[in-house]
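Source file: my_file-v8.csv (CSV, C-alpha atoms)
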chain,number,residue,atom,x,y,z
A,1,MET,CA,-15.0,11.5,4.3
A,2,PRO,CA,-12.0,9.1,4.8
A,3,LYS,CA,-12.3,5.6,3.3
A,4,GLN,CA,-11.6,3.2,6.1
A,5,ALA,CA,-10.4,-0.4,6.6
A,6,VAL,CA,-9.3,-2.8,9.3
A,7,LEU,CA,-5.9,-4.5,9.1
A,8,LEU,CA,-5.4,-7.7,11.2
A,9,VAL,CA,-1.7,-8.6,11.6
A,10,ASN,CA,-0.4,-11.9,13.0
A,11,LEU,CA,3.1,-13.5,13.2
A,12,GLY,CA,3.3,-15.4,10.0
A,13,SER,CA,4.4,-18.8,8.7
A,14,PRO,CA,6.6,-20.3,6.0
A,15,ASP,CA,5.0,-20.9,2.6
A,16,SER,CA,5.4,-24.6,3.1
A,17,PRO,CA,7.1,-27.0,5.5
A,18,SER,CA,10.0,-27.5,3.1
A,19,VAL,CA,13.5,-26.8,4.4
A,20,PRO,CA,14.2,-24.0,1.9
A,21,ASP,CA,10.9,-22.2,2.7
A,22,VAL,CA,11.5,-22.6,6.4
A,23,ARG,CA,15.0,-21.2,6.0
A,24,ARG,CA,13.7,-18.1,4.2
A,25,TYR,CA,11.0,-17.6,6.9
A,26,LEU,CA,13.5,-18.0,9.7
A,27,ARG,CA,15.9,-15.6,8.0
A,28,GLU,CA,13.3,-12.9,8.0
A,29,PHE,CA,11.9,-13.7,11.4
A,30,LEU,CA,15.2,-14.0,13.3
A,31,GLY,CA,16.8,-11.2,11.3
A,32,ASP,CA,14.4,-8.8,12.9
A,33,GLU,CA,16.4,-6.6,15.3
A,34,ARG,CA,13.5,-6.8,17.8
A,35,VAL,CA,13.7,-10.6,17.9
A,36,LEU,CA,17.4,-11.1,18.0
A,37,ASP,CA,18.2,-7.8,19.5
A,38,MET,CA,22.0,-7.5,19.1
A,39,ALA,CA,24.4,-5.5,16.9
A,40,ALA,CA,23.7,-6.2,13.2
A,41,PRO,CA,27.1,-7.9,12.6
A,42,LEU,CA,26.7,-10.2,15.5
A,43,ARG,CA,23.1,-11.0,14.6
A,44,TRP,CA,24.2,-11.9,11.0
A,45,LEU,CA,27.0,-14.1,12.3
A,46,LEU,CA,24.7,-15.9,14.7
A,47,LEU,CA,21.9,-16.3,12.1
A,48,GLU,CA,23.9,-17.2,9.0
A,49,GLY,CA,26.8,-18.9,10.8
A,50,LEU,CA,24.9,-21.1,13.2
A,51,ILE,CA,21.1,-21.0,13.4
A,52,LEU,CA,20.3,-21.2,9.6
A,53,ARG,CA,22.8,-24.1,9.3
A,54,THR,CA,20.9,-26.4,11.7
A,55,ARG,CA,17.5,-25.1,12.7
A,56,PRO,CA,15.6,-25.1,9.4
A,57,LYS,CA,15.7,-28.9,9.1
A,58,ARG,CA,14.4,-29.3,12.7
A,59,SER,CA,11.8,-26.6,12.3
A,60,ALA,CA,10.7,-28.0,8.9
A,61,HIS,CA,10.0,-31.4,10.6
A,62,ALA,CA,8.0,-29.6,13.3
A,63,TYR,CA,6.0,-27.6,10.7
A,64,ALA,CA,5.3,-30.8,8.7
A,65,SER,CA,3.8,-32.4,11.8
A,66,ILE,CA,1.1,-29.7,12.0
A,67,TRP,CA,0.6,-28.8,8.4
A,68,THR,CA,-2.9,-29.2,7.0
A,69,PRO,CA,-4.2,-29.8,3.4
A,70,GLU,CA,-5.2,-26.1,3.3
A,71,GLY,CA,-1.7,-25.0,4.5
A,72,SER,CA,-0.3,-23.4,7.6
A,73,PRO,CA,-2.8,-23.6,10.6
A,74,LEU,CA,-1.9,-20.0,11.6
A,75,ILE,CA,-2.6,-18.6,8.1
A,76,VAL,CA,-5.7,-20.7,7.5
A,77,THR,CA,-7.2,-19.7,10.8
A,78,SER,CA,-6.3,-16.1,10.4
A,79,GLN,CA,-7.9,-16.0,7.0
A,80,ARG,CA,-11.1,-17.5,8.4
A,81,VAL,CA,-11.1,-14.9,11.2
A,82,ARG,CA,-10.7,-12.1,8.6
A,83,GLU,CA,-13.6,-13.5,6.6
A,84,LYS,CA,-15.9,-13.8,9.6
A,85,LEU,CA,-15.1,-10.3,10.8
A,86,ALA,CA,-15.5,-8.8,7.3
A,87,ALA,CA,-19.0,-10.3,7.0
A,88,ARG,CA,-20.0,-8.2,10.0
A,89,LEU,CA,-18.4,-4.9,9.2
A,90,PRO,CA,-19.3,-2.2,6.6
A,91,VAL,CA,-15.6,-1.6,5.7
A,92,PRO,CA,-13.0,-3.9,4.2
A,93,VAL,CA,-10.9,-6.1,6.5
A,94,ALA,CA,-7.4,-7.1,5.4
A,95,LEU,CA,-4.9,-9.6,6.7
A,96,ALA,CA,-1.1,-9.4,6.9
A,97,MET,CA,1.7,-11.2,8.5
A,98,ARG,CA,4.7,-9.7,10.2
A,99,TYR,CA,6.9,-12.3,8.6
A,100,GLY,CA,6.2,-14.3,5.4
A,101,ARG,CA,3.1,-13.6,3.3
A,102,PRO,CA,0.9,-11.7,2.9
A,103,GLY,CA,3.4,-9.0,4.0
A,104,ILE,CA,2.5,-5.8,5.8
A,105,GLY,CA,4.0,-3.6,3.0
A,106,GLU,CA,2.2,-5.3,0.1
A,107,THR,CA,-1.1,-5.3,2.0
A,108,LEU,CA,-0.9,-1.6,2.9
A,109,ALA,CA,0.0,-0.8,-0.7
A,110,ARG,CA,-3.0,-2.7,-2.0
A,111,LEU,CA,-5.3,-1.0,0.5
A,112,VAL,CA,-4.0,2.5,-0.6
A,113,ALA,CA,-4.4,1.5,-4.3
A,114,ASP,CA,-8.1,0.8,-3.5
A,115,GLY,CA,-8.5,4.3,-2.1
A,116,ILE,CA,-8.2,3.4,1.6
A,117,ASP,CA,-6.7,6.3,3.6
A,118,ASP,CA,-7.7,5.5,7.2
A,119,ILE,CA,-6.7,2.1,8.7
A,120,LEU,CA,-7.3,0.4,12.1
A,121,LEU,CA,-4.1,-1.5,12.7
A,122,PHE,CA,-5.0,-4.5,14.9
A,123,PRO,CA,-1.9,-6.6,16.0
A,124,GLN,CA,-3.2,-10.0,17.1
A,125,TYR,CA,-1.1,-10.0,20.3
A,126,PRO,CA,-2.8,-9.4,23.7
A,127,HIS,CA,0.5,-8.4,25.4
A,128,TYR,CA,3.2,-5.9,24.8
A,129,ALA,CA,6.6,-7.2,23.7
A,130,MET,CA,9.1,-5.6,21.4
A,131,SER,CA,9.4,-8.9,19.5
A,132,SER,CA,5.6,-9.1,18.9
A,133,TRP,CA,3.3,-6.1,19.3
A,134,GLU,CA,6.0,-3.5,18.9
A,135,THR,CA,7.6,-4.9,15.8
A,136,VAL,CA,4.3,-5.1,14.1
A,137,VAL,CA,3.5,-1.5,14.8
A,138,VAL,CA,7.0,-0.2,13.8
A,139,LYS,CA,6.9,-2.2,10.6
A,140,ALA,CA,3.4,-1.0,9.7
A,141,PHE,CA,4.2,2.7,10.2
A,142,ALA,CA,7.5,2.3,8.3
A,143,GLU,CA,5.7,0.7,5.3
A,144,ALA,CA,2.9,3.3,5.4
A,145,ALA,CA,5.4,6.1,5.3
A,146,LYS,CA,6.6,4.8,1.9
A,147,LEU,CA,3.2,5.2,0.3
A,148,SER,CA,1.8,8.2,-1.3
A,149,PRO,CA,-0.6,9.3,0.0
A,150,ALA,CA,0.4,7.7,3.3
A,151,PRO,CA,-2.6,6.2,5.1
A,152,ARG,CA,-3.5,7.2,8.6
A,153,LEU,CA,-2.9,4.3,11.0
A,154,THR,CA,-4.7,3.9,14.4
A,155,MET,CA,-3.2,1.1,16.4
A,156,VAL,CA,-5.0,-1.1,18.9
A,157,GLN,CA,-3.1,-1.2,22.1
A,158,PRO,CA,-2.3,-4.4,23.9
A,159,PHE,CA,-5.6,-5.7,25.4
A,160,PHE,CA,-4.3,-8.2,28.0
A,161,ALA,CA,-6.5,-6.9,30.8
A,162,ASP,CA,-9.5,-5.6,28.9
A,163,ASP,CA,-12.9,-6.9,29.9
A,164,ASP,CA,-14.0,-7.7,26.3
A,165,TYR,CA,-10.9,-9.8,25.7
A,166,LEU,CA,-11.0,-11.6,29.0
A,167,GLU,CA,-14.7,-12.4,28.4
A,168,ALA,CA,-13.8,-13.9,25.1
A,169,LEU,CA,-10.9,-15.9,26.5
A,170,VAL,CA,-12.9,-17.4,29.4
A,171,ALA,CA,-15.9,-18.1,27.1
A,172,SER,CA,-13.5,-20.1,24.8
A,173,ALA,CA,-12.1,-22.1,27.7
A,174,ARG,CA,-15.3,-22.7,29.7
A,175,PRO,CA,-16.3,-26.1,28.1
A,176,TYR,CA,-12.8,-27.4,29.1
A,177,LEU,CA,-13.1,-26.2,32.6
A,178,GLU,CA,-16.0,-28.7,33.1
A,179,ASN,CA,-13.5,-31.6,32.9
A,180,ASN,CA,-11.9,-33.1,36.0
A,181,TYR,CA,-8.4,-31.8,36.4
A,182,ASP,CA,-5.8,-31.5,39.1
A,183,HIS,CA,-4.0,-28.4,37.7
A,184,PHE,CA,-4.5,-25.5,35.3
A,185,LEU,CA,-1.4,-24.3,33.6
A,186,PHE,CA,-1.0,-21.0,31.7
A,187,SER,CA,1.8,-21.4,29.3
A,188,TYR,CA,3.1,-18.2,27.6
A,189,HIS,CA,5.6,-17.6,24.9
A,190,GLY,CA,9.0,-17.1,26.6
A,191,LEU,CA,11.3,-14.1,26.2
A,192,PRO,CA,14.8,-13.4,27.4
A,193,ALA,CA,14.7,-11.9,30.9
A,194,ARG,CA,16.8,-8.9,29.6
A,195,HIS,CA,13.9,-7.9,27.3
A,196,MET,CA,12.0,-6.9,30.5
A,197,ARG,CA,14.8,-4.7,31.6
A,198,GLU,CA,15.2,-3.2,28.1
A,199,ALA,CA,11.5,-2.3,27.9
A,200,ASP,CA,11.7,-0.5,31.3
A,201,SER,CA,12.7,3.0,30.4
A,202,SER,CA,13.6,3.7,34.1
A,203,ARG,CA,16.0,0.7,34.2
A,204,ALA,CA,15.1,0.6,37.9
A,205,HIS,CA,11.9,-1.6,38.2
A,206,CYS,CA,11.6,-4.7,36.1
A,207,LEU,CA,13.5,-7.6,37.6
A,208,VAL,CA,15.2,-5.1,40.0
A,209,VAL,CA,12.4,-4.4,42.5
A,210,LYS,CA,11.4,-7.4,44.6
A,211,ASP,CA,8.1,-8.8,43.3
A,212,CYS,CA,8.3,-6.2,40.6
A,213,CYS,CA,5.2,-7.4,38.8
A,214,GLU,CA,3.1,-7.0,41.9
A,215,VAL,CA,4.4,-3.4,42.7
A,216,CYS,CA,2.5,-0.8,40.7
A,217,SER,CA,4.8,1.0,38.2
A,218,PRO,CA,4.6,2.8,34.9
A,219,ALA,CA,7.0,0.1,33.6
A,220,HIS,CA,4.1,-2.3,33.5
A,221,ALA,CA,2.8,-0.6,30.3
A,222,THR,CA,5.6,-2.2,28.4
A,223,CYS,CA,6.3,-5.2,30.6
A,224,TYR,CA,5.3,-8.5,29.1
A,225,ARG,CA,5.9,-10.4,32.3
A,226,ALA,CA,3.6,-8.1,34.4
A,227,GLN,CA,1.0,-8.2,31.7
A,228,ILE,CA,0.8,-12.0,31.5
A,229,PHE,CA,0.4,-12.2,35.2
A,230,GLN,CA,-2.5,-9.7,35.0
A,231,THR,CA,-4.1,-11.8,32.3
A,232,SER,CA,-3.7,-15.0,34.3
A,233,ARG,CA,-5.1,-13.5,37.6
A,234,ALA,CA,-8.0,-11.9,35.8
A,235,PHE,CA,-8.8,-15.1,34.0
A,236,ALA,CA,-8.6,-17.2,37.2
A,237,ARG,CA,-11.0,-14.8,39.0
A,238,ARG,CA,-13.5,-14.9,36.1
A,239,ALA,CA,-13.3,-18.6,35.7
A,240,GLY,CA,-13.4,-19.4,39.4
A,241,LEU,CA,-10.1,-21.2,39.4
A,242,ASP,CA,-8.8,-22.5,42.8
A,243,PRO,CA,-5.8,-20.3,43.6
A,244,ALA,CA,-3.9,-23.4,44.7
A,245,ARG,CA,-4.5,-25.2,41.4
A,246,TRP,CA,-3.2,-22.9,38.7
A,247,SER,CA,0.2,-21.6,37.8
A,248,VAL,CA,2.2,-19.8,35.0
A,249,SER,CA,5.1,-21.0,32.9
A,250,PHE,CA,7.0,-20.0,29.8
A,251,GLN,CA,7.8,-22.0,26.6
A,252,SER,CA,10.1,-21.7,23.6
A,253,ARG,CA,13.4,-20.6,25.1
A,254,LEU,CA,16.7,-20.5,23.4
A,255,ALA,CA,20.0,-21.6,25.0
A,256,GLY,CA,22.7,-19.1,26.0
A,257,GLU,CA,21.0,-16.7,28.5
A,258,PRO,CA,18.3,-16.7,31.2
A,259,TRP,CA,14.7,-16.6,29.9
A,260,LEU,CA,11.5,-16.0,31.9
A,261,GLN,CA,10.9,-18.8,34.3
A,262,PRO,CA,9.6,-21.4,35.2
A,263,TYR,CA,10.0,-23.2,31.9
A,264,THR,CA,7.0,-25.1,30.6
A,265,ASP,CA,8.9,-28.2,29.6
A,266,LEU,CA,10.3,-28.5,33.1
A,267,GLU,CA,6.9,-27.9,34.7
A,268,LEU,CA,5.4,-30.6,32.5
A,269,ARG,CA,8.0,-33.0,34.1
A,270,ARG,CA,7.5,-31.7,37.6
A,271,LEU,CA,3.7,-31.6,37.9
A,272,PRO,CA,3.0,-35.3,37.8
A,273,ALA,CA,5.6,-35.9,40.5
A,274,ALA,CA,3.8,-33.3,42.6
A,275,GLY,CA,0.5,-35.3,42.2
A,276,LYS,CA,-0.9,-33.1,39.4
A,277,LYS,CA,-1.6,-35.9,37.0
A,278,ARG,CA,-4.7,-34.4,35.1
A,279,LEU,CA,-3.7,-31.2,33.4
A,280,LEU,CA,-5.5,-28.4,31.6
A,281,ILE,CA,-3.2,-26.1,29.7
A,282,ILE,CA,-3.9,-22.8,27.9
A,283,THR,CA,-1.7,-20.6,25.8
A,284,PRO,CA,-3.1,-17.0,26.0
A,285,ALA,CA,-0.1,-15.3,24.3
A,286,PHE,CA,-1.5,-16.5,21.0
A,287,THR,CA,-4.9,-15.7,19.5
A,288,ALA,CA,-4.5,-18.4,16.8
A,289,ASP,CA,-3.0,-21.9,17.1
A,290,CYS,CA,0.4,-22.1,15.5
A,291,LEU,CA,3.7,-24.1,15.7
A,292,GLU,CA,4.2,-23.2,19.4
A,293,THR,CA,0.8,-24.4,20.5
A,294,LEU,CA,0.2,-27.3,18.1
A,295,GLU,CA,3.7,-28.9,18.0
A,296,GLU,CA,5.4,-27.7,21.1
A,297,ILE,CA,2.4,-28.1,23.4
A,298,ARG,CA,-0.1,-30.5,21.9
A,299,ILE,CA,2.5,-33.0,20.6
A,300,ALA,CA,5.8,-32.6,22.4
A,301,GLY,CA,4.3,-31.2,25.6
A,302,ARG,CA,1.8,-34.0,25.8
A,303,GLU,CA,4.5,-36.6,25.4
A,304,THR,CA,6.6,-35.0,28.1
A,305,PHE,CA,3.8,-34.8,30.6
A,306,LEU,CA,2.5,-38.4,30.0
A,307,SER,CA,6.0,-39.8,30.0
A,308,ALA,CA,6.6,-38.1,33.4
A,309,GLY,CA,3.6,-40.0,34.9
A,310,GLY,CA,0.7,-37.7,33.9
A,311,GLU,CA,-2.6,-39.3,33.2
A,312,SER,CA,-4.5,-36.8,31.1
A,313,PHE,CA,-3.3,-33.8,29.1
A,314,THR,CA,-6.0,-31.4,27.8
A,315,PRO,CA,-4.8,-28.4,25.8
A,316,ILE,CA,-7.4,-25.6,25.4
A,317,PRO,CA,-7.4,-24.2,21.8
A,318,CYS,CA,-6.5,-20.6,21.2
A,319,LEU,CA,-9.3,-18.2,20.5
A,320,ASN,CA,-9.1,-19.0,16.8
A,321,GLU,CA,-12.5,-18.5,15.2
A,322,HIS,CA,-14.5,-18.7,18.4
A,323,PRO,CA,-17.6,-16.6,18.1
A,324,ALA,CA,-16.6,-14.7,21.3
A,325,PHE,CA,-13.3,-13.7,19.7
A,326,ILE,CA,-15.1,-12.5,16.5
A,327,ASP,CA,-17.4,-10.5,18.8
A,328,PHE,CA,-14.4,-9.0,20.5
A,329,LEU,CA,-12.8,-8.0,17.2
A,330,HIS,CA,-16.1,-6.7,15.9
A,331,GLY,CA,-16.7,-4.6,19.0
A,332,ARG,CA,-13.2,-2.9,18.8
A,333,ALA,CA,-13.6,-2.2,15.1
A,334,THR,CA,-17.1,-0.9,15.5
A,335,ALA,CA,-16.0,1.5,18.4
A,336,TRP,CA,-13.3,2.8,16.1
A,337,LEU,CA,-15.7,3.4,13.2
A,338,LYS,CA,-18.1,5.1,15.5
A,339,GLN,CA,-15.5,7.4,17.0
A,340,ASN,CA,-14.2,8.3,13.5
A,341,SER,CA,-17.7,9.0,12.4
A,342,LEU,CA,-18.2,11.5,15.3
A,343,THR,CA,-14.8,13.1,14.6
A,344,ASN,CA,-15.4,13.6,10.9
A,345,SER,CA,-19.1,14.7,11.2
Let me see whether you can do it: turn the structure in this file into structure tokens.
Amino acid sequence: MPKQAVLLVNLGSPDSPSVPDVRRYLREFLGDERVLDMAAPLRWLLLEGLILRTRPKRSAHAYASIWTPEGSPLIVTSQRVREKLAARLPVPVALAMRYGRPGIGETLARLVADGIDDILLFPQYPHYAMSSWETVVVKAFAEAAKLSPAPRLTMVQPFFADDDYLEALVASARPYLENNYDHFLFSYHGLPARHMREADSSRAHCLVVKDCCEVCSPAHATCYRAQIFQTSRAFARRAGLDPARWSVSFQSRLAGEPWLQPYTDLELRRLPAAGKKRLLIITPAFTADCLETLEEIRIAGRETFLSAGGESFTPIPCLNEHPAFIDFLHGRATAWLKQNSLTNS
């Protein structure tokens, strides 16, 4: 019988909020060809000649504003999720980060050294994007192939519209929905618009067809934009949101080319002027709170909204350690174990 384990993989974090540690982290993160998807020489020039000369200091300041005594919020939360899931499963549960530590390669090597030969690879990303879910899967399979014996990997597909995930997401948000609010904003991680076109193998649907996310197409299987709208609509139905009181926006863009719109920072300025002065905001692209949710939304976003005339700004935490999210992870892992048991019996 194979010896099994579950491997949770999230984005990652610098070892500390110091400038050198942030620079090392950004070099690995932005050096990924699926994040800065350009020819290697151009990527190196942009990264080493511009980004790493200026961004580490700014990012280090941002990380310092959210750092906890235990360390990076993303790492600490992910470790707690791993522990809670491991307490409910009969097989080991490991944790790795796509960038930074613990790395995917070293974690897989440790599992194989312990005799593990069958692994459920569980990227902690609800939606498909080549710079998130895809890069985790590609990296994991590449690192597994270096090992002898190479473990078998079974990957969890993006779960953006799955009932069990949506139930967990709504359950985590429900206490906040009891507050009085004028508007509910879904803020998602932004991506360059061209990533949608590159992920469309037909090159004839995404951002080409009018209302492309509303027109059924095989392209939606790899379209981040279509998937985030599916998540938002499904959440709104389950939570009973008024269709006139919710919208979607995108955060964390870089200058130089069009990114998915509307932009969250601009929406946070616009909404108070439109009479939406009490805001609930949720960030479903992330399963654990991180720099983008804690600093960009809770700190900078709050300041932007209130400075524009907003009266109350209520961020809904990510799923983090919420019992409903642990139930979701447990259910997926248990189904995999049961299926494998039937296959190997």
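For the pair atom CA of A:Ala226 and atom CA of A:Leu207, the interatomic distance is 10.4 Å.
You can rank A:Met1, A:Ala129, A:Ala285, A:Leu120 by their closest distance to A:His330 using all atoms listed in the file, and at the top of that list sits A:Leu120.
If you measure from each of A:Val156, A:Ala96, A:Leu185, A:Leu254 to A:Ile297 using only C-alpha atoms, the closest one turns out to be A:Leu185.
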- [ ] Find the residues around A:Arg58 up to 12 Å (all atoms listed in the file counted), leave out those fewer than 6 positions away in its own chain, and share them as a list in words.
- [x] Pro17, Ser18, Val19, Val22, Arg23, Leu26, Ile51, Leu52, Ala64, Ser65 and Glu295 of chain A
Selection file, C-alpha atoms, as a PDB file, in the coordinates of the input:
ATOM      1  CA  PRO A  17       7.100 -27.000   5.500  1.00  0.00           C
ATOM      2  CA  SER A  18      10.000 -27.500   3.100  1.00  0.00           C
ATOM      3  CA  VAL A  19      13.500 -26.800   4.400  1.00  0.00           C
ATOM      4  CA  VAL A  22      11.500 -22.600   6.400  1.00  0.00           C
ATOM      5  CA  ARG A  23      15.000 -21.200   6.000  1.00  0.00           C
ATOM      6  CA  LEU A  26      13.500 -18.000   9.700  1.00  0.00           C
ATOM      7  CA  ILE A  51      21.100 -21.000  13.400  1.00  0.00           C
ATOM      8  CA  LEU A  52      20.300 -21.200   9.600  1.00  0.00           C
ATOM      9  CA  ALA A  64       5.300 -30.800   8.700  1.00  0.00           C
ATOM     10  CA  SER A  65       3.800 -32.400  11.800  1.00  0.00           C
ATOM     11  CA  GLU A 295       3.700 -28.900  18.000  1.00  0.00           C
TER      12      GLU A 295
END
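Nearest-residue note for A:Ser232: choosing from A:Ile299, A:Ala193, A:Ala204, A:Leu166, the minimum distance belongs to A:Leu166, counting only C-alpha atoms.
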Task: Nearest residue to A:Arg98 from the set A:Pro14, A:Pro20, A:Pro284, A:Pro272 (distances using all atoms listed in the file) - done: A:Pro14
